[in-house]
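Source file: structure.pdb. Holds: PDB, C-alpha atoms and all ligand atoms.
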ATOM      1  CA  MET A   1     173.398 108.768  76.968
ATOM      2  CA  TYR A   2     174.842 112.253  76.414
ATOM      3  CA  ASP A   3     178.166 113.169  74.750
ATOM      4  CA  PHE A   4     178.754 116.706  76.023
ATOM      5  CA  ILE A   5     177.091 116.744  79.438
ATOM      6  CA  LYS A   6     176.777 114.320  82.339
ATOM      7  CA  THR A   7     173.609 114.009  84.378
ATOM      8  CA  GLU A   8     173.040 112.507  87.774
ATOM      9  CA  PHE A   9     170.147 112.276  90.231
ATOM     10  CA  ILE A  10     171.306 113.061  93.735
ATOM     11  CA  GLU A  11     169.104 111.998  96.632
ATOM     12  CA  PRO A  12     166.994 113.626  97.826
ATOM     13  CA  GLY A  13     165.540 115.473  94.885
ATOM     14  CA  VAL A  14     168.405 117.177  93.032
ATOM     15  CA  GLY A  15     169.195 116.846  89.324
ATOM     16  CA  LEU A  16     172.861 117.586  88.614
ATOM     17  CA  ILE A  17     174.038 118.527  85.114
ATOM     18  CA  ARG A  18     177.771 118.787  84.433
ATOM     19  CA  LEU A  19     178.871 120.515  81.242
ATOM     20  CA  ASN A  20     181.494 118.187  79.843
ATOM     21  CA  ARG A  21     183.752 119.561  77.118
ATOM     22  CA  PRO A  22     186.764 120.090  79.383
ATOM     23  CA  LYS A  23     189.360 120.533  76.615
ATOM     24  CA  GLU A  24     187.293 123.347  75.085
ATOM     25  CA  LEU A  25     186.626 124.929  78.503
ATOM     26  CA  ASN A  26     183.004 123.815  78.112
ATOM     27  CA  ALA A  27     182.473 126.055  75.087
ATOM     28  CA  LEU A  28     178.739 125.939  74.446
ATOM     29  CA  SER A  29     178.424 124.243  71.077
ATOM     30  CA  PRO A  30     174.980 123.756  69.509
ATOM     31  CA  GLU A  31     175.254 120.039  70.320
ATOM     32  CA  LEU A  32     176.047 120.705  73.987
ATOM     33  CA  MET A  33     173.191 123.199  74.253
ATOM     34  CA  ALA A  34     170.760 120.730  72.662
ATOM     35  CA  GLU A  35     171.762 118.134  75.241
ATOM     36  CA  LEU A  36     171.527 120.652  78.076
ATOM     37  CA  GLY A  37     168.033 121.636  76.931
ATOM     38  CA  ALA A  38     166.932 117.986  76.760
ATOM     39  CA  ALA A  39     168.340 117.216  80.212
ATOM     40  CA  LEU A  40     166.665 120.268  81.709
ATOM     41  CA  VAL A  41     163.313 119.297  80.198
ATOM     42  CA  ASP A  42     163.690 115.740  81.527
ATOM     43  CA  PHE A  43     164.538 116.865  85.055
ATOM     44  CA  ASP A  44     161.745 119.451  84.942
ATOM     45  CA  ALA A  45     159.222 116.740  84.095
ATOM     46  CA  ASP A  46     160.465 114.433  86.866
ATOM     47  CA  GLU A  47     158.449 114.948  90.031
ATOM     48  CA  ALA A  48     161.284 113.472  92.088
ATOM     49  CA  VAL A  49     163.468 116.456  91.116
ATOM     50  CA  GLY A  50     162.834 119.584  93.171
ATOM     51  CA  ALA A  51     165.921 121.565  92.145
ATOM     52  CA  ILE A  52     168.559 121.406  89.419
ATOM     53  CA  VAL A  53     172.253 122.282  89.628
ATOM     54  CA  ILE A  54     174.239 123.130  86.483
ATOM     55  CA  THR A  55     177.995 123.058  86.863
ATOM     56  CA  GLY A  56     181.171 122.808  84.805
ATOM     57  CA  ASN A  57     184.542 121.867  86.219
ATOM     58  CA  GLU A  58     187.122 123.627  88.385
ATOM     59  CA  ARG A  59     188.764 125.395  85.445
ATOM     60  CA  ALA A  60     185.656 126.504  83.613
ATOM     61  CA  PHE A  61     181.935 126.723  84.078
ATOM     62  CA  ALA A  62     181.850 127.674  80.385
ATOM     63  CA  ALA A  63     184.059 129.985  78.301
ATOM     64  CA  GLY A  64     181.160 131.095  76.132
ATOM     65  CA  ALA A  65     179.412 130.104  72.952
ATOM     66  CA  ASP A  66     181.585 127.941  70.718
ATOM     67  CA  ILE A  67     183.480 130.533  68.686
ATOM     68  CA  LYS A  68     184.720 127.932  66.214
ATOM     69  CA  ALA A  69     181.151 126.799  65.502
ATOM     70  CA  MET A  70     179.998 130.305  64.591
ATOM     71  CA  ALA A  71     183.124 131.957  63.172
ATOM     72  CA  ASN A  72     182.019 131.501  59.560
ATOM     73  CA  ALA A  73     178.316 132.130  60.038
ATOM     74  CA  GLY A  74     176.662 135.053  58.278
ATOM     75  CA  ALA A  75     173.854 137.188  59.634
ATOM     76  CA  ILE A  76     171.323 135.273  57.521
ATOM     77  CA  ASP A  77     172.561 131.966  59.001
ATOM     78  CA  MET A  78     172.256 133.429  62.480
ATOM     79  CA  ILE A  79     168.677 134.548  61.736
ATOM     80  CA  LEU A  80     167.426 131.464  59.895
ATOM     81  CA  ASP A  81     169.201 128.918  62.052
ATOM     82  CA  ASP A  82     169.349 130.994  65.236
ATOM     83  CA  PRO A  83     171.344 128.956  67.764
ATOM     84  CA  ILE A  84     170.096 131.160  70.575
ATOM     85  CA  ASP A  85     166.521 129.927  70.025
ATOM     86  CA  ASP A  86     167.558 126.548  71.412
ATOM     87  CA  TRP A  87     169.325 128.156  74.347
ATOM     88  CA  SER A  88     166.063 129.773  75.455
ATOM     89  CA  GLN A  89     164.693 126.409  76.593
ATOM     90  CA  ILE A  90     166.181 127.087  80.027
ATOM     91  CA  HIS A  91     163.719 129.936  80.534
ATOM     92  CA  GLN A  92     160.775 127.517  80.221
ATOM     93  CA  ILE A  93     162.028 125.379  83.095
ATOM     94  CA  THR A  94     159.845 125.816  86.186
ATOM     95  CA  THR A  95     162.096 123.877  88.588
ATOM     96  CA  PRO A  96     164.531 126.138  90.497
ATOM     97  CA  ILE A  97     168.041 126.031  88.973
ATOM     98  CA  ILE A  98     171.359 126.818  90.680
ATOM     99  CA  ALA A  99     174.551 127.507  88.723
ATOM    100  CA  ALA A 100     177.635 126.204  90.548
ATOM    101  CA  VAL A 101     180.420 128.209  88.932
ATOM    102  CA  SER A 102     184.191 127.796  89.073
ATOM    103  CA  GLY A 103     186.856 129.257  86.814
ATOM    104  CA  HIS A 104     185.940 130.911  83.520
ATOM    105  CA  CYS A 105     182.327 131.981  83.271
ATOM    106  CA  LEU A 106     182.441 134.072  80.127
ATOM    107  CA  GLY A 107     180.175 135.214  77.328
ATOM    108  CA  GLY A 108     177.418 132.652  76.817
ATOM    109  CA  GLY A 109     178.709 130.899  79.957
ATOM    110  CA  CYS A 110     177.983 133.978  82.051
ATOM    111  CA  GLU A 111     174.638 134.339  80.285
ATOM    112  CA  LEU A 112     173.822 130.702  81.037
ATOM    113  CA  ALA A 113     174.703 131.208  84.711
ATOM    114  CA  MET A 114     172.526 134.325  84.801
ATOM    115  CA  SER A 115     169.666 132.316  83.286
ATOM    116  CA  CYS A 116     169.770 130.162  86.411
ATOM    117  CA  ASP A 117     167.970 131.352  89.545
ATOM    118  CA  ILE A 118     170.901 131.454  91.960
ATOM    119  CA  ILE A 119     174.671 131.510  91.378
ATOM    120  CA  VAL A 120     177.043 129.813  93.824
ATOM    121  CA  ALA A 121     180.710 130.408  92.998
ATOM    122  CA  SER A 122     184.117 129.070  93.883
ATOM    123  CA  GLU A 123     186.834 131.554  94.858
ATOM    124  CA  SER A 124     188.366 131.159  91.394
ATOM    125  CA  ALA A 125     185.211 132.051  89.446
ATOM    126  CA  ARG A 126     185.590 134.840  86.894
ATOM    127  CA  PHE A 127     182.605 136.442  85.190
ATOM    128  CA  GLY A 128     182.763 138.383  81.963
ATOM    129  CA  GLN A 129     181.093 139.302  78.689
ATOM    130  CA  PRO A 130     184.188 139.524  76.470
ATOM    131  CA  GLU A 131     182.288 139.361  73.153
ATOM    132  CA  ILE A 132     183.524 142.865  72.311
ATOM    133  CA  ASN A 133     186.987 141.344  71.804
ATOM    134  CA  LEU A 134     185.476 139.257  68.993
ATOM    135  CA  GLY A 135     183.765 142.176  67.313
ATOM    136  CA  ILE A 136     180.286 141.270  68.579
ATOM    137  CA  ILE A 137     178.111 141.875  71.634
ATOM    138  CA  PRO A 138     176.430 139.354  73.968
ATOM    139  CA  GLY A 139     173.490 137.600  72.334
ATOM    140  CA  PHE A 140     171.853 135.591  75.125
ATOM    141  CA  GLY A 141     170.877 138.245  77.619
ATOM    142  CA  GLY A 142     174.317 139.562  78.568
ATOM    143  CA  THR A 143     173.317 143.173  78.028
ATOM    144  CA  GLN A 144     169.967 142.698  79.791
ATOM    145  CA  ARG A 145     170.227 140.248  82.694
ATOM    146  CA  LEU A 146     173.706 141.509  83.525
ATOM    147  CA  THR A 147     172.466 145.100  83.705
ATOM    148  CA  HIS A 148     169.598 144.053  85.985
ATOM    149  CA  ALA A 149     172.082 142.244  88.216
ATOM    150  CA  VAL A 150     175.078 144.565  88.435
ATOM    151  CA  GLY A 151     173.703 147.926  87.287
ATOM    152  CA  LYS A 152     174.431 150.032  84.243
ATOM    153  CA  GLY A 153     177.959 151.240  84.950
ATOM    154  CA  ILE A 154     179.558 147.862  85.619
ATOM    155  CA  ALA A 155     177.555 146.226  82.821
ATOM    156  CA  MET A 156     178.815 148.876  80.402
ATOM    157  CA  GLU A 157     182.436 148.261  81.446
ATOM    158  CA  MET A 158     182.003 144.518  81.022
ATOM    159  CA  VAL A 159     180.244 144.755  77.653
ATOM    160  CA  LEU A 160     182.277 147.624  76.193
ATOM    161  CA  ALA A 161     185.733 147.043  77.688
ATOM    162  CA  GLY A 162     185.608 143.315  78.418
ATOM    163  CA  ARG A 163     186.061 143.843  82.167
ATOM    164  CA  VAL A 164     186.101 140.538  84.028
ATOM    165  CA  LEU A 165     184.787 140.344  87.609
ATOM    166  CA  ASP A 166     186.458 138.032  90.082
ATOM    167  CA  ALA A 167     184.256 136.123  92.528
ATOM    168  CA  GLU A 168     184.409 138.804  95.242
ATOM    169  CA  GLU A 169     183.566 141.577  92.779
ATOM    170  CA  ALA A 170     180.714 139.490  91.389
ATOM    171  CA  ARG A 171     179.302 139.013  94.881
ATOM    172  CA  HIS A 172     179.801 142.683  95.679
ATOM    173  CA  HIS A 173     177.783 143.550  92.577
ATOM    174  CA  ASP A 174     175.020 141.019  93.393
ATOM    175  CA  LEU A 175     175.740 138.657  90.527
ATOM    176  CA  VAL A 176     176.679 135.856  92.906
ATOM    177  CA  ASN A 177     174.906 134.707  96.087
ATOM    178  CA  HIS A 178     177.735 132.796  97.787
ATOM    179  CA  ILE A 179     181.457 132.148  97.380
ATOM    180  CA  TYR A 180     183.069 128.981  98.745
ATOM    181  CA  PRO A 181     186.509 127.388  98.456
ATOM    182  CA  LEU A 182     187.142 125.274  95.380
ATOM    183  CA  GLU A 183     186.894 122.075  97.395
ATOM    184  CA  THR A 184     183.364 122.762  98.645
ATOM    185  CA  TYR A 185     181.532 125.053  96.224
ATOM    186  CA  LEU A 186     179.728 122.230  94.414
ATOM    187  CA  ASP A 187     178.741 120.491  97.657
ATOM    188  CA  GLU A 188     177.410 123.792  98.967
ATOM    189  CA  ALA A 189     175.419 124.337  95.779
ATOM    190  CA  LEU A 190     174.016 120.817  96.095
ATOM    191  CA  LYS A 191     173.142 121.463  99.757
ATOM    192  CA  LEU A 192     171.251 124.608  98.820
ATOM    193  CA  ALA A 193     169.526 122.714  96.012
ATOM    194  CA  ALA A 194     168.548 119.946  98.454
ATOM    195  CA  LYS A 195     167.105 122.565 100.788
ATOM    196  CA  ILE A 196     164.968 123.957  97.954
ATOM    197  CA  ALA A 197     164.011 120.441  96.839
ATOM    198  CA  ALA A 198     162.747 119.713 100.355
ATOM    199  CA  GLN A 199     160.121 122.484 100.126
ATOM    200  CA  ALA A 200     156.560 122.149  98.840
ATOM    201  CA  PRO A 201     157.252 121.698  95.108
ATOM    202  CA  LEU A 202     154.397 123.787  93.712
ATOM    203  CA  ALA A 203     155.165 126.656  96.085
ATOM    204  CA  ALA A 204     158.852 126.565  95.068
ATOM    205  CA  ARG A 205     157.972 126.644  91.379
ATOM    206  CA  MET A 206     155.495 129.464  91.853
ATOM    207  CA  GLY A 207     157.971 131.389  93.995
ATOM    208  CA  LYS A 208     160.484 131.162  91.144
ATOM    209  CA  GLU A 209     157.870 132.241  88.620
ATOM    210  CA  ALA A 210     156.758 135.199  90.717
ATOM    211  CA  VAL A 211     160.300 136.478  91.378
ATOM    212  CA  ASN A 212     161.121 136.201  87.670
ATOM    213  CA  GLN A 213     158.035 138.237  86.816
ATOM    214  CA  ALA A 214     159.594 141.115  88.766
ATOM    215  CA  PHE A 215     161.898 141.556  85.751
ATOM    216  CA  GLU A 216     159.066 141.493  83.225
ATOM    217  CA  LEU A 217     156.204 143.461  84.765
ATOM    218  CA  ARG A 218     155.593 146.843  86.282
ATOM    219  CA  LEU A 219     155.043 146.831  90.051
ATOM    220  CA  ALA A 220     151.220 146.902  90.043
ATOM    221  CA  GLN A 221     151.053 144.063  87.488
ATOM    222  CA  GLY A 222     153.703 142.101  89.368
ATOM    223  CA  LEU A 223     151.807 142.433  92.634
ATOM    224  CA  THR A 224     148.611 141.210  90.979
ATOM    225  CA  TYR A 225     150.517 138.302  89.422
ATOM    226  CA  GLU A 226     151.977 137.392  92.802
ATOM    227  CA  ARG A 227     148.540 137.623  94.477
ATOM    228  CA  ARG A 228     146.996 135.227  91.949
ATOM    229  CA  LEU A 229     149.735 132.632  92.498
ATOM    230  CA  PHE A 230     149.434 133.101  96.268
ATOM    231  CA  GLN A 231     145.680 132.522  96.072
ATOM    232  CA  MET A 232     146.116 129.520  93.782
ATOM    233  CA  LEU A 233     148.366 127.802  96.298
ATOM    234  CA  PHE A 234     145.386 127.647  98.679
ATOM    235  CA  ALA A 235     143.964 125.050  96.272
ATOM    236  CA  THR A 236     146.869 122.700  97.055
ATOM    237  CA  THR A 237     147.014 119.849  99.528
ATOM    238  CA  ASP A 238     150.474 121.058 100.485
ATOM    239  CA  GLN A 239     149.099 124.388 101.748
ATOM    240  CA  LYS A 240     146.678 122.500 104.032
ATOM    241  CA  GLU A 241     149.476 120.169 105.124
ATOM    242  CA  GLY A 242     152.014 122.962 105.687
ATOM    243  CA  MET A 243     149.696 124.999 107.867
ATOM    244  CA  ALA A 244     148.349 121.970 109.752
ATOM    245  CA  ALA A 245     151.924 120.820 110.421
ATOM    246  CA  PHE A 246     152.821 124.253 111.776
ATOM    247  CA  ILE A 247     149.807 124.258 114.102
ATOM    248  CA  GLU A 248     150.452 120.659 115.215
ATOM    249  CA  LYS A 249     154.170 121.425 115.721
ATOM    250  CA  ARG A 250     155.393 118.697 113.358
ATOM    251  CA  LYS A 251     157.267 118.496 110.069
ATOM    252  CA  PRO A 252     155.095 118.767 106.959
ATOM    253  CA  LEU A 253     154.896 115.863 104.563
ATOM    254  CA  TRP A 254     154.657 117.315 101.070
ATOM    255  CA  THR A 255     152.882 115.464  98.291
ATOM    256  CA  GLY A 256     153.418 117.990  95.503
ATOM    257  CA  ARG A 257     149.678 118.290  95.070
TER     258      ARG A 257
HETATM  259  N1  LIG A 301     184.777 128.682  71.866
HETATM  260  C1  LIG A 301     185.513 127.710  71.304
HETATM  261  N2  LIG A 301     186.661 127.246  71.842
HETATM  262  C2  LIG A 301     187.066 127.803  73.002
HETATM  263  C3  LIG A 301     186.362 128.827  73.633
HETATM  264  C4  LIG A 301     185.148 129.274  73.020
HETATM  265  N3  LIG A 301     184.359 130.218  73.570
HETATM  266  N4  LIG A 301     187.033 129.201  74.751
HETATM  267  C5  LIG A 301     188.113 128.411  74.814
HETATM  268  N5  LIG A 301     188.137 127.562  73.767
HETATM  269  C6  LIG A 301     189.151 126.550  73.438
HETATM  270  C7  LIG A 301     190.431 127.186  72.914
HETATM  271  O1  LIG A 301     190.299 127.462  71.551
HETATM  272  C8  LIG A 301     191.439 126.121  73.224
HETATM  273  O2  LIG A 301     191.315 125.104  72.256
HETATM  274  P1  LIG A 301     192.665 124.536  71.531
HETATM  275  O3  LIG A 301     193.440 123.896  72.656
HETATM  276  O4  LIG A 301     192.120 123.564  70.529
HETATM  277  O5  LIG A 301     193.363 125.726  70.951
HETATM  278  C9  LIG A 301     190.925 125.534  74.551
HETATM  279  O6  LIG A 301     189.550 125.904  74.633
HETATM  280  C10 LIG A 301     191.650 126.107  75.762
HETATM  281  O7  LIG A 301     191.570 127.521  75.687
HETATM  282  P2  LIG A 301     192.875 128.476  75.801
HETATM  283  O8  LIG A 301     194.070 127.777  75.279
HETATM  284  O9  LIG A 301     192.515 129.776  75.166
HETATM  285  O10 LIG A 301     192.974 128.602  77.385
HETATM  286  P3  LIG A 301     193.580 129.836  78.210
HETATM  287  O11 LIG A 301     193.629 129.360  79.613
HETATM  288  O12 LIG A 301     194.817 130.335  77.582
HETATM  289  O13 LIG A 301     192.484 131.008  78.076
HETATM  290  C11 LIG A 301     190.258 131.930  78.101
HETATM  291  C12 LIG A 301     191.208 130.843  78.658
HETATM  292  C13 LIG A 301     190.699 133.309  78.589
HETATM  293  C14 LIG A 301     188.859 131.611  78.638
HETATM  294  C15 LIG A 301     190.281 131.914  76.552
HETATM  295  O14 LIG A 301     190.070 130.574  76.115
HETATM  296  C16 LIG A 301     189.196 132.752  75.934
HETATM  297  O15 LIG A 301     189.342 133.953  75.871
HETATM  298  N6  LIG A 301     188.126 132.108  75.431
HETATM  299  C17 LIG A 301     187.055 132.817  74.731
HETATM  300  C18 LIG A 301     186.148 133.588  75.672
HETATM  301  C19 LIG A 301     185.119 134.344  74.880
HETATM  302  O16 LIG A 301     185.404 135.190  74.068
HETATM  303  N7  LIG A 301     183.819 133.996  75.121
HETATM  304  C20 LIG A 301     182.689 134.604  74.407
HETATM  305  C21 LIG A 301     182.274 133.726  73.259
HETATM  306  S1  LIG A 301     181.061 134.481  72.210
HETATM  307  C22 LIG A 301     179.578 134.282  73.025
HETATM  308  O17 LIG A 301     179.503 133.690  74.083
HETATM  309  C23 LIG A 301     178.366 134.889  72.346
HETATM  310  C24 LIG A 301     177.124 134.940  73.153
HETATM  311  O18 LIG A 301     176.878 135.886  73.878
HETATM  312  C25 LIG A 301     176.121 133.889  73.037
END

Translate this structure into structure tokens?
Amino acid sequence: MYDFIKTEFIEPGVGLIRLNRPKELNALSPELMAELGAALVDFDADEAVGAIVITGNERAFAAGADIKAMANAGAIDMILDDPIDDWSQIHQITTPIIAAVSGHCLGGGCELAMSCDIIVASESARFGQPEINLGIIPGFGGTQRLTHAVGKGIAMEMVLAGRVLDAEEARHHDLVNHIYPLETYLDEALKLAAKIAAQAPLAARMGKEAVNQAFELRLAQGLTYERRLFQMLFATTDQKEGMAAFIEKRKPLWTGR
């Protein structure tokens, strides 16, 4: 059904998306990004899916936006037919998303990984924003999300000098949650996704929304936002079930309502 990605539903509750332009190191062409957006929207609308994993292959998560597709574009083209508009679809997705990263994770690839909620890496993962080598700067959050994640100094080195972080450095600088050997990193990402998918779905989605608001709002506003979501969850059947199950010393049975 797709040409540049592969999708799979993995029991219980995980939607897996593999970027699939291996010869181009999964360069993020407009066509690939359109497919990725469509797959994300489909999984997000599927109540059986409680978490999504985006991955590439061992050699590359993604080596960035497709340079060949934009080499001849002018500024007016980039404004009128802004490819980044389509990329932003990922930020509308309420289902938790894990990036399972191996190999090159550069430019738009790094920005895509940072647009996910959690990054799990293989030992060979390498993160960078090398746009400066092309005479441009990152255009999909690489100066913003990266700075939130790793701090100003490292972000400056990456954006201005093209510094690439290996997996250990990326974990040290809080870009990555976990590092696993090449053989197991995807399984571990899927395990973590399954663990999230096993939680009360509305609480997981609201937890994601609330944490993300920490980057948008000042503390007092963020605390109010969190409180409203917290209060709203008391309108759910799953809150009643979760607390009753705790009191009755049994496992909760979530209905997503
Ligand atoms: N766009 C288009 N094609 C790409 C690509 C990209 N971002 N990255 C790699 N490819 C292609 C190469 O052109 C090559 O294709 P051909 O075989 O047809 O020549 C193929 O993938 C394999 O790449 P290499 O031969 O270069 O592989 P390597 O192992 O020698 O080097 C690499 C790997 C260091 C990742 C190198 O490919 C590279 O530097 N790629 C570009 C990385 C980059 O600059 N990314 C930022 C893009 S701009 C961006 O993302 C903007 C934004 O913020 C939204």

Running the PyMOL selection byres (((not hetatm)) within 10 of (chain A and resi 301)) on this model by hand, what would come out? Give it as a PyMOL selection string.
chain A and resi 21-29+59-60+62-71+83-84+87+103-112+126+128-143+162

One decimal place gives the atom CA of A:Asn177-atom CA of A:Glu58 separation as 18.2 Å

*Residues in the PyMOL selection byres (((chain A and resi 231-236) around 12) and not hetatm), expressed as a VMD selection string*: chain A and resid 200 to 207 224 to 230 237 to 243 254 to 257

Point to revise | All residues 10 Å or closer to A:Arg163, all atoms listed in the file, same chain fewer than 4 positions away omitted, as a list in words | key: Phe127, Gly128, Gln129, Pro130, Ile154, Ala155, Met156, Glu157, Met158 and Val159 of chain A

Polymer residues at most 9 Å from A:Val41, all atoms listed in the file, same-chain spacing of 2 or more positions, as a PDB file with C-alpha atoms, keeping the file's coordinate frame:
ATOM      1  CA  LEU A  36     171.527 120.652  78.076  1.00  0.00           C
ATOM      2  CA  GLY A  37     168.033 121.636  76.931  1.00  0.00           C
ATOM      3  CA  ALA A  38     166.932 117.986  76.760  1.00  0.00           C
ATOM      4  CA  ALA A  39     168.340 117.216  80.212  1.00  0.00           C
ATOM      5  CA  PHE A  43     164.538 116.865  85.055  1.00  0.00           C
ATOM      6  CA  ASP A  44     161.745 119.451  84.942  1.00  0.00           C
ATOM      7  CA  ALA A  45     159.222 116.740  84.095  1.00  0.00           C
ATOM      8  CA  ASP A  46     160.465 114.433  86.866  1.00  0.00           C
ATOM      9  CA  GLN A  89     164.693 126.409  76.593  1.00  0.00           C
ATOM     10  CA  ILE A  90     166.181 127.087  80.027  1.00  0.00           C
ATOM     11  CA  GLN A  92     160.775 127.517  80.221  1.00  0.00           C
ATOM     12  CA  ILE A  93     162.028 125.379  83.095  1.00  0.00           C
TER      13      ILE A  93
END

Can you take the partial stretch 43-50 of chain A, add all heavy atoms, and return it as an mmCIF file, in the coordinates of the input?
data_model
loop_
_atom_site.group_PDB
_atom_site.id
_atom_site.type_symbol
_atom_site.label_atom_id
_atom_site.label_comp_id
_atom_site.auth_asym_id
_atom_site.auth_seq_id
_atom_site.Cartn_x
_atom_site.Cartn_y
_atom_site.Cartn_z
ATOM 1 N N PHE A 43 164.564 116.654 83.598
ATOM 2 C CA PHE A 43 164.538 116.865 85.055
ATOM 3 C C PHE A 43 163.283 117.642 85.463
ATOM 4 O O PHE A 43 162.679 117.381 86.501
ATOM 5 C CB PHE A 43 165.793 117.621 85.513
ATOM 6 C CG PHE A 43 166.998 116.737 85.731
ATOM 7 C CD1 PHE A 43 168.280 117.190 85.411
ATOM 8 C CD2 PHE A 43 166.878 115.466 86.281
ATOM 9 C CE1 PHE A 43 169.402 116.389 85.620
ATOM 10 C CE2 PHE A 43 168.000 114.650 86.491
ATOM 11 C CZ PHE A 43 169.262 115.119 86.159
ATOM 12 N N ASP A 44 162.904 118.613 84.622
ATOM 13 C CA ASP A 44 161.745 119.451 84.942
ATOM 14 C C ASP A 44 160.462 118.618 84.994
ATOM 15 O O ASP A 44 159.543 118.913 85.758
ATOM 16 C CB ASP A 44 161.623 120.560 83.882
ATOM 17 C CG ASP A 44 160.780 121.736 84.362
ATOM 18 O OD1 ASP A 44 160.866 122.087 85.561
ATOM 19 O OD2 ASP A 44 160.040 122.314 83.549
ATOM 20 N N ALA A 45 160.431 117.577 84.160
ATOM 21 C CA ALA A 45 159.222 116.740 84.095
ATOM 22 C C ALA A 45 159.219 115.661 85.177
ATOM 23 O O ALA A 45 158.207 114.985 85.382
ATOM 24 C CB ALA A 45 159.139 116.075 82.718
ATOM 25 N N ASP A 46 160.318 115.503 85.880
ATOM 26 C CA ASP A 46 160.465 114.433 86.866
ATOM 27 C C ASP A 46 160.049 114.961 88.247
ATOM 28 O O ASP A 46 160.716 115.816 88.823
ATOM 29 C CB ASP A 46 161.940 113.984 86.877
ATOM 30 C CG ASP A 46 162.166 112.792 87.780
ATOM 31 O OD1 ASP A 46 161.284 112.503 88.623
ATOM 32 O OD2 ASP A 46 163.222 112.161 87.656
ATOM 33 N N GLU A 47 158.960 114.425 88.752
ATOM 34 C CA GLU A 47 158.449 114.948 90.031
ATOM 35 C C GLU A 47 159.384 114.672 91.196
ATOM 36 O O GLU A 47 159.268 115.285 92.257
ATOM 37 C CB GLU A 47 157.073 114.354 90.332
ATOM 38 C CG GLU A 47 155.990 114.985 89.476
ATOM 39 C CD GLU A 47 154.588 114.740 90.028
ATOM 40 O OE1 GLU A 47 154.411 114.649 91.249
ATOM 41 O OE2 GLU A 47 153.673 114.629 89.195
ATOM 42 N N ALA A 48 160.320 113.750 91.012
ATOM 43 C CA ALA A 48 161.284 113.472 92.088
ATOM 44 C C ALA A 48 162.347 114.568 92.175
ATOM 45 O O ALA A 48 163.085 114.653 93.156
ATOM 46 C CB ALA A 48 161.954 112.116 91.848
ATOM 47 N N VAL A 49 162.433 115.409 91.147
ATOM 48 C CA VAL A 49 163.468 116.456 91.116
ATOM 49 C C VAL A 49 162.857 117.793 91.554
ATOM 50 O O VAL A 49 161.963 118.321 90.900
ATOM 51 C CB VAL A 49 164.073 116.589 89.691
ATOM 52 C CG1 VAL A 49 165.026 117.777 89.612
ATOM 53 C CG2 VAL A 49 164.793 115.299 89.306
ATOM 54 N N GLY A 50 163.367 118.322 92.650
ATOM 55 C CA GLY A 50 162.834 119.584 93.171
ATOM 56 C C GLY A 50 163.763 120.758 92.932
ATOM 57 O O GLY A 50 163.392 121.915 93.174
#
